[in-house]
Structure formats: structure tokens, C-alpha cells
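Peer 1: Dropping the structure in here first, questions after.
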Amino acid sequence: MQNTLKVAVIKGFKEIFDVDIDNVEFQATKKDFEGDITIVIFAFLRFVKGNPVEIGTKLGTYLKENVAEISDFNVVKGFLNLVISDAYFISDFNKIKDNATFGIVEPNPDDKAVMVEYSSPNTNKPLHLGHIRNNLLGYSVAEIIKASGKKVYKTQIINDRGIHICKSMLAWQRFGNGETPETSGLKGDKLVGNYYVAFDKAYKEEITQLIAQGKTEEEAKKQAPILLEAQQMLLKWEAGDEEIVSLWKTMNEWVYAGFNETYKELGVDFDKNYYESNTYLLGKDVVAEGLKKGVFYKKEDGSVWIDLTAEGLDEKIVLRSDGTAVYMTQDIGTAIERFKDYDLNELVYTVGNEQDYHFKVLFLILEKLGFDWAKNCYHLSYGMVDLPSGKMKSREGTVVDADDLMLEMTDTARTISQDLGKLEGYSTEEKEGLYKTIGLGALKYYILKVDPKKRIMFDPEESVDFAGNTGPFIQYTYARIQSILRKADFDFSITLSANEIALHQKERELIKQIQLFPEVIQNAASNHSPALIANFTYDLVKEYNSFYQTVPILGCENEKEKIFRTQLSNTVAEIIKSAFKLLGIEVPERM
RNA sequence: GGCUCUAUAGUUCAAGGGAUAGAAUAGAAGUUUCCUAAACUUUUGAUCCAGGUUCGAGUCCUGGUGGAGCUACCA
């Protein structure tokens with residue numbers, strides 16, 4: 001429609017005013033004014049001198065005469081509001097209702113793919129609320145990009161090596177008495193996490209002792225025997241010590257089993273896992289090459305650096321003086337590896353905003369090394385999840401555990417559902433599945449509706465609601481529509497033409513909202529923002545509920561209107577379902 | 001100190017440089033003979049401050065102020 005109008009407007013300006021307009025911008029007409037689509041005349045004042053109202057009137061008259069779909073117009077100040085004919089809306093809606101994948105673009109198999117990295121946990125502790133935001137965002141963005149017509153690979157890099165896992169291993173050796181997930185009944189990640197905490201406790205005790213013996217705090221922190229032992233263990237691991245490597249493998253397997261449970265509950269998945277134990281040596285040869293090319297330089301002590309002061313950043317180390325890799329080295333190597341492994345065009349990193357600087361530097365380095373895909377790397381940066389009690393700190397035990405939180409949400413959904421008592425005739429199993437759908441729907445929607453780069457204040461006690469702009473509110477609308485469809489004992493699949501029905505105002509509004517869906521998906525994909533999908537869906541539901549309360553659907557006496565309104569309901573439900581799928585949220589048939 | 005992000009109703013979130021800044025929640029008042037009241041309708045209430053650019057600024061620019069993060073030969 002916009003394209004048709006654009007051509008007509010350009011032609012109109014040429015014929016009426018004899019000027020060439022390069023671009024025309026449209027916006028949806030505000031609800032308080034009559035019309036469907038609006039052209040802002042002010043924007044043309046630099047081409048055509050004169051009174052905006054006069055220009056708008058002339059253009060409106062021209063469009064009404066020359067564009068079949070424009071049935072009327074009005075001009076308010078500098079705004080030309082165009083009224084689009086019912087016939088256009090009805091014929092467009094008929095196309096949408098028969099299109100099962102409306103808004104979703106199939107990927108072209110020949111196109112290069114997008115890789116989305118998210119989650120990327122450490123193997124020394126369970127997933128927490130921060131990981132939930134990361135996982136939900138990464139998964140949803142991957143699904144949205146897929147729906148926008150690109151092939152997508154979901155990946156995570158598992159940080160399975162380093163001093164942190166040695167700490168858990170050491171504590172387990174010392175205090176564990178051979179405890180396993182089986183003997184303790186604990187999830188593997190929880191078990192290993194407990195030993196990480198145990199290490200920290202023992203470490204702190206040793207520090208206190210050393211300080212009592214007269215050391216400074218700094219000395220004590222560096223000299224605590226348990227820490228030195230953990231560092232020894234890391235060296236042994238790097239040397240391939242059989243006993244250490246075997247323990248490392250065992251404990252990591254426990255953690256992976258635990259993570260997989262959490263991922264499954266959360267509804268996220270991955271196409272490929274990268275393990276840091278395999279990738280931590282990558283990147284060194286690239287640094288060597290870069291050194292030859294003069295991208296990097298070497299200091300007297302042998303460490304390698306890049307000077308980014310010309311770009312307004314600092315100098316950054318890329319290789320230690322002992323020749324070992326740092327985080328940046330690995331990331332350089334891993335990025336290159338990924339572009340070798342897959343036919344990629346774009347790489348998205350879902351990582352918290354505390355690493356904004358790191359990724360800015362990383363992308364800049366890749367660009368300087370001459371990789372032209374560097375400009376297609378994107379850091380999907382998101383804000384922290386804050387608790388009323390302050391920042392989450394794993395060492396202080398002030399974290400909200402991912403599994404616990406999901407359980408809590410399901411419990412809340414159960415309580416509310418039971419109070420409402422609407423699920424008679426459902427088996428216990430079906431009910432439990434539904435509580436999970438609703439509870440997780442609330443959690444996911446709550447987190448995804450917020451602009452990723454903003455921080456979220458999360459109050460576990462009360463912040464996740466079931467009324468208002470929430471997941472369950474939208475799920476409820478879907479379930480209600482399913483109820484209508486179950487009761488519709490007539491054939492609502494037949495297609496009605498424009499001369500058979502006249503549109504009610506609420507139906508026009510609803511169709512306009514429905515038509516936006518494909519554009520919203522594209523926008524959400526290019527902005528990497530699930531929040532756009534969430535807020536669109538909420539607007540759609542608001543519009544539908546208003547329609548639902550205003551005009552009778554099954555109770556409508558006019559048979560054709562009844563059919564049309566049922567079709568509208570069905571289409572709204574289909575879009576809710578598609579949109580929520582992109583957010584990783586399920587929709588219930590009943591609730 | 002330097003760099004980055006952020007600031008909108010009491011609270012949680014919206015607003016592609018466009019019209020009278022929208023929702024939700026909390027507060028006040030109402031609506032169930034049709035389809036699920038987890039709904040709907042009405043109502044009170046906000047752009048951190050000072051400049052600038054523009055026909056037009058919550059949005060862009062400059063300078064403040066508040067909040068957060070980064071500024072490791074940790075990851």
C-alpha cells in the first residue's frame with residue numbers, strides 16, 4: 001500500500017507543482033483523527049513553498065481521484081490523513097487469513113547464515129537470573145532473525161577451563177567424601193556450585209588466619225595455601241595430568257547434565273557448542289601474523305599490544321609476556337574459527353553490557369586484521385538484572401537461582417489458577433503442564449518486553465504479574481479465542497468479498513494492527529530486539545479485547561459478519577501464537 | 001580522572017525528528033441474558049536541569065546533575 005501511495009505522491013507532486021520529490025514518509029494516523037495513513041506535509045515545504053494545508057488539500061484531492069484504494073482524505077494543520085477503502089482492507093485480510101506463515105520469511109538456502117551466541121556459562125556454578133535474561137534474549141533474537149528470512153546457528157561457548165573450575169575440584173577433593181549427583185540427589189551444577197562456595201569459605205578463613213599472623217590483606221589473598229594449590233592444579237591440568245583431567249571431565253559432565261535440565265525447562269537449545277578447553281589456544285598465530293603486518297607491536301618484555309588511541313580507545317594487550325593467550329586472543333581466534341566452520345555473514349554475541357568495551361575493541365581488531373566480516377559482528381548488549389537487595393553476587397549467596405525461579409513462577413501460576421477454578425475436567429498432568437506454560441510465560445514476557453540495553457529491576461516477590469502487560473494476559477486472550485473456535489459450529493473458512501460486509505471501526509483497527517506483523521518482525525530482527533515483538537503483540541491483544549467487548553462474535557445475528565469476526569479472531573490467535581513462538585513462549589488451548 | 005550506557009506518571013514499561021507524550025499497575029467510579037470477568041469502560045497523574053539545531057525535540061548536538069558499567073599480563 002505504501003509503495004503504491006509513494007509512487008502516486010511523487011507523480012502527484014510532479015503534476016500539480018512540477019517538482020521532484022525523492023522520498024515520502026508515511027505514518028499510521030493517530031486514533032483521534034479520521035483516517036488510516038498520514039503524510040506529513042511539513043517535510044515537503046523545502047520543495048514546494050506555500051501553505052501546508054493548501055498543499056495537503058491539493059495532494060489529497062489528487063490521490064483520491066487517482067488511487068482507487070483512497071476513499072477519502074482530510075487535512076489537519078500539516079497532516080494529510082488518508083482514508084483507505086474497506087475493499088482494500090478486506091481483500092488484504094483475506095490473503096492474510098489463508099497464509100499460515102504470515103509475516104514469516106523462509107530463509108534462502110543459498111544465503112550466508114547468522115550465528116547467535118548466548119548463554120556461555122562457566123562450569124563452576126548453576127545458572128542464575130542473569131543467565132535467564134541472556135538465554136531468553138539470545139534464543140529469541142535467533143528465532144526472530146530466522147523468521148526474518150535468514151539461516152541461523154545458535155551456539156554457546158562453554159567456559160570449562162581455568163582457575164574457577166579448579167577451585168570447585170579442589171574443594172570437592174578435600175571436603176567431598178566422594179559425593180556425586182546420584183548419592184546426594186542434587187543436580188550436578190548445584191553440587192559443583194556448592195563446592196565452589198566451599199572453596200571460597202575455606203579461602204576466606206585462611207586469609208583471616210594469615211592476617212592474624214601479621215600479613216597484609218593483599219599478601220594474604222595471594223599466599224593462602226588453598227589458592228596456591230588451586231593454581232598448581234590448573235598447571236597440572238594444562239600439562240594433561242591424568243588424574244586431574246579425569247576429575248575435570250567427571251565434574252564437568254555433572255554440570256552439563258544439570259545445565260541441560262535447566263535449558264530444557266527454559267525452552268532454549270543450541271545447534272553447536274564450543275568449549276573453551278578446545279579454543280583457548282586459538283588466536284596466537286593470528287596475533288603473530290598481525291605483528292608482521294604491523295597491526296600489533298611488541299613491548300620490551302615480549303608482550304604484544306595494539307594501540308587504539310587513534311580511535312579514542314586505549315592500548316590493549318593481546319598476548320602476555322610469557323606468550324600465553326588472554327581473553328582477547330581467544331576471542332579473536334574463536335571468531336575466525338566460526339567463520340571457517342560455517343558459511344556466515346553475521347555473528348551476534350549475547351553478552352552483558354559490562355563487556356561493551358571488550359567487544360568494541362574485539363571488532364576493531366578484527367577489522368584492522370583485514371576481516372571484512374568484522375563490520376557484521378554485533379554485540380547484543382543487555383543491562384543487568386538488579387534485585388531490590390542490590391547486585392547479585394554468587395560468592396555472597398545473593399543470587400536468584402534459575403531453577404528455583406522457574407519453580408516459583410509455576411507455583412504462582414498454580415495458586416492463581418486454582419483460585420479461579422476454571423480447569424475442571426483436566427488431568428493433573430495437563431494442569432501441571434499448563435501451570436508451567438503460564439508461569440514461564442509470565443517470566444519470559446516480563447524480561448523480554450524490556451528494551452535489552454536497559455537494566456531490569458527484578459523483585460522476585462511481586463514483580464512478575466499476571467494482569468496488565470504480561471504474558472498470561474496475552475495467553476488468556478489466545479485461550480479465549482480457542483474457546484470461540486471450539487463453539488463455532490459453522491464453516492468460517494469461506495472467503496467473503498468486500499461487497500458482502502461493511503467494516504466496523506473496531507475491525508478496521510484490528511486489521512491495521514494485524515497488517516503490521518511482517519514489518520515488526522523485520523524491525524525486531526534488524527534491531528535485535530524481542531521487545532518490539534512483545535509490545536506489538538500486547539497492542540494487538542488490547543485491540544482485540546476492545547473489539548471483543550464492542551461487537552458480538554458468535555452472538556452476531558448477521559451470518560456473514562459472524563463468519564468474518566470469527567475469521568478475525570482466528571487470525572489474531574494465529575499471530576499471537578507466531579509472535580510468542582519468537583519469544584519462546586507457549587500458548588495454551590485453555591486456561 | 002577518562003570512556004560507554006542510562007534518566008518519561010507514585011511504580012514498571014512505550015513513543016521510526018511530527019499532531020493533544022501512550023499503556024499497565026496502584027488510587028477513584030462503573031460494566032456479566034452472546035463468545036472464558038485472568039476481561040472491558042470512565043477517571044486522577046510524567047519528559048532531570050540549562051542552552052542550541054529545526055517549520056517542529058522525550059527523541060539530535062553542547063554543558064551540567066543523578067544512576068550504572070568499563071578503565072587487569074582475570075574470564
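In the C-alpha cells, chains take the letters A, B, ... in the order shown, each chain's residues start at 1, and ligands count up from 1 in the order shown.
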For A37 in chain B, work out the shell of residues within 12 Å, counting only C-alpha atoms (C1' of nucleotides) and skipping chain neighbours fewer than 2 positions away, then give it as a count of residues only.

Peer 2: 7

Peer 1: Taking 6 positions as the minimum chain separation for residues in the same chain, which residues sit within 12 Å of A72 in chain B when counting only C-alpha atoms (C1' of nucleotides)? Answer as a VMD selection string.

Peer 2: chain A and resid 316 to 317 320 326 to 327

Peer 1: Report the distance between CA of Lys264 in chain A and CA of Gly421 in chain A in Å, rounded to one decimal place.

Peer 2: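 These atoms are spaced 28.7 Å apart.
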
Peer 1: At a cut-off of 7 Å, which residues of chain A touch chain B? Count only C-alpha atoms (C1' of nucleotides) and give the answer as a PyMOL selection string.

Peer 2: chain A and resi 42+320-321+327+354+357+450+467-469+473+476+480+484+549+552-555

Peer 1: Next, the residues of the selection above should be written as an mmCIF file, in the first residue's frame with N, CA and C atoms.

Peer 2:
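And here's out12.cif as it stands now:
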data_model
loop_
_atom_site.group_PDB
_atom_site.id
_atom_site.type_symbol
_atom_site.label_atom_id
_atom_site.label_comp_id
_atom_site.auth_asym_id
_atom_site.auth_seq_id
_atom_site.Cartn_x
_atom_site.Cartn_y
_atom_site.Cartn_z
ATOM 1 N N PHE A 42 4.688 19.002 6.145
ATOM 2 C CA PHE A 42 5.811 19.883 6.518
ATOM 3 C C PHE A 42 7.102 19.474 5.816
ATOM 4 N N ARG A 320 50.318 -12.230 26.426
ATOM 5 C CA ARG A 320 51.121 -11.969 27.622
ATOM 6 C C ARG A 320 52.613 -12.087 27.303
ATOM 7 N N SER A 321 53.419 -11.556 28.231
ATOM 8 C CA SER A 321 54.869 -11.585 28.018
ATOM 9 C C SER A 321 55.395 -13.019 27.995
ATOM 10 N N TYR A 327 42.042 -13.337 27.211
ATOM 11 C CA TYR A 327 40.663 -13.440 26.763
ATOM 12 C C TYR A 327 40.501 -12.909 25.336
ATOM 13 N N GLU A 354 28.566 -5.109 30.673
ATOM 14 C CA GLU A 354 29.840 -4.816 31.329
ATOM 15 C C GLU A 354 30.999 -5.134 30.383
ATOM 16 N N TYR A 357 33.066 -2.582 26.268
ATOM 17 C CA TYR A 357 34.382 -2.132 25.843
ATOM 18 C C TYR A 357 35.165 -3.255 25.169
ATOM 19 N N VAL A 450 11.208 -5.689 27.891
ATOM 20 C CA VAL A 450 12.036 -4.519 28.181
ATOM 21 C C VAL A 450 13.157 -4.411 27.149
ATOM 22 N N ALA A 467 -1.520 -9.850 35.366
ATOM 23 C CA ALA A 467 -2.510 -8.964 34.757
ATOM 24 C C ALA A 467 -1.768 -7.769 34.174
ATOM 25 N N GLY A 468 -2.391 -7.117 33.196
ATOM 26 C CA GLY A 468 -1.740 -5.971 32.567
ATOM 27 C C GLY A 468 -0.894 -6.421 31.400
ATOM 28 N N ASN A 469 0.190 -5.692 31.159
ATOM 29 C CA ASN A 469 1.063 -6.028 30.038
ATOM 30 C C ASN A 469 1.941 -7.221 30.424
ATOM 31 N N PHE A 473 -1.695 -12.508 30.371
ATOM 32 C CA PHE A 473 -2.778 -11.705 29.800
ATOM 33 C C PHE A 473 -2.953 -12.031 28.317
ATOM 34 N N TYR A 476 -4.127 -15.610 27.841
ATOM 35 C CA TYR A 476 -5.545 -15.709 28.158
ATOM 36 C C TYR A 476 -6.391 -15.357 26.936
ATOM 37 N N ARG A 480 -9.049 -17.773 25.043
ATOM 38 C CA ARG A 480 -10.448 -17.382 24.854
ATOM 39 C C ARG A 480 -10.851 -17.529 23.394
ATOM 40 N N ILE A 484 -13.832 -19.782 21.458
ATOM 41 C CA ILE A 484 -14.772 -19.350 20.410
ATOM 42 C C ILE A 484 -14.731 -20.327 19.248
ATOM 43 N N GLN A 549 -15.171 -6.846 23.199
ATOM 44 C CA GLN A 549 -16.183 -6.298 24.094
ATOM 45 C C GLN A 549 -17.192 -5.445 23.346
ATOM 46 N N PRO A 552 -20.559 -8.228 18.980
ATOM 47 C CA PRO A 552 -20.792 -9.653 19.228
ATOM 48 C C PRO A 552 -20.088 -10.497 18.166
ATOM 49 N N ILE A 553 -19.625 -11.653 18.563
ATOM 50 C CA ILE A 553 -18.946 -12.521 17.593
ATOM 51 C C ILE A 553 -19.862 -13.696 17.282
ATOM 52 N N LEU A 554 -19.871 -14.709 18.154
ATOM 53 C CA LEU A 554 -20.762 -15.844 17.896
ATOM 54 C C LEU A 554 -22.228 -15.416 18.043
ATOM 55 N N GLY A 555 -22.445 -14.421 18.876
ATOM 56 C CA GLY A 555 -23.814 -13.964 19.091
ATOM 57 C C GLY A 555 -24.316 -13.024 18.008
#

Peer 1: What's around range 204-209 of chain A at 10 Å? Count only C-alpha atoms (C1' of nucleotides), leave out sequence neighbours fewer than 4 positions away in its own chain, and write the answer as a list in words.

Peer 2: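 So the residues in contact are Ala198, Phe199, Asp200, Gln213, Gly214, Lys215, Thr216, Glu217, Glu218, Glu219, Ala220, Lys221, Lys222, Gln223, Ala224, Pro225, Ile226 and Leu227 of chain A.
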
Peer 1: Skip range 151-157 of chain A itself and residues of its chain fewer than 3 positions away, then list as number ranges by chain all residues within 6 Å of it, counting only C-alpha atoms (C1' of nucleotides).

Peer 2: A: 107, 113-120, 146, 270-275

Peer 1: I need the residues from that last selection saved to file as a short mmCIF file (atom, residue, chain, number, x, y, z; two decimals), in the first residue's frame (with C-alpha atoms), if you can.

Peer 2:
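Output below, filename again.cif:
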data_model
loop_
_atom_site.label_atom_id
_atom_site.label_comp_id
_atom_site.auth_asym_id
_atom_site.auth_seq_id
_atom_site.Cartn_x
_atom_site.Cartn_y
_atom_site.Cartn_z
CA PRO A 107 15.40 -18.40 4.56
CA ALA A 113 23.96 -17.64 7.80
CA VAL A 114 23.89 -15.70 11.06
CA MET A 115 25.43 -17.17 14.18
CA VAL A 116 23.96 -16.17 17.53
CA GLU A 117 25.97 -16.89 20.64
CA TYR A 118 24.27 -16.82 24.00
CA SER A 119 24.31 -18.32 27.49
CA SER A 120 28.04 -19.14 27.54
CA LYS A 146 15.35 -16.81 11.47
CA PHE A 270 21.82 -24.83 20.67
CA ASP A 271 22.99 -26.08 17.30
CA LYS A 272 26.64 -26.16 18.30
CA ASN A 273 28.65 -25.97 21.49
CA TYR A 274 32.14 -24.56 21.61
CA TYR A 275 34.31 -25.46 24.57
#
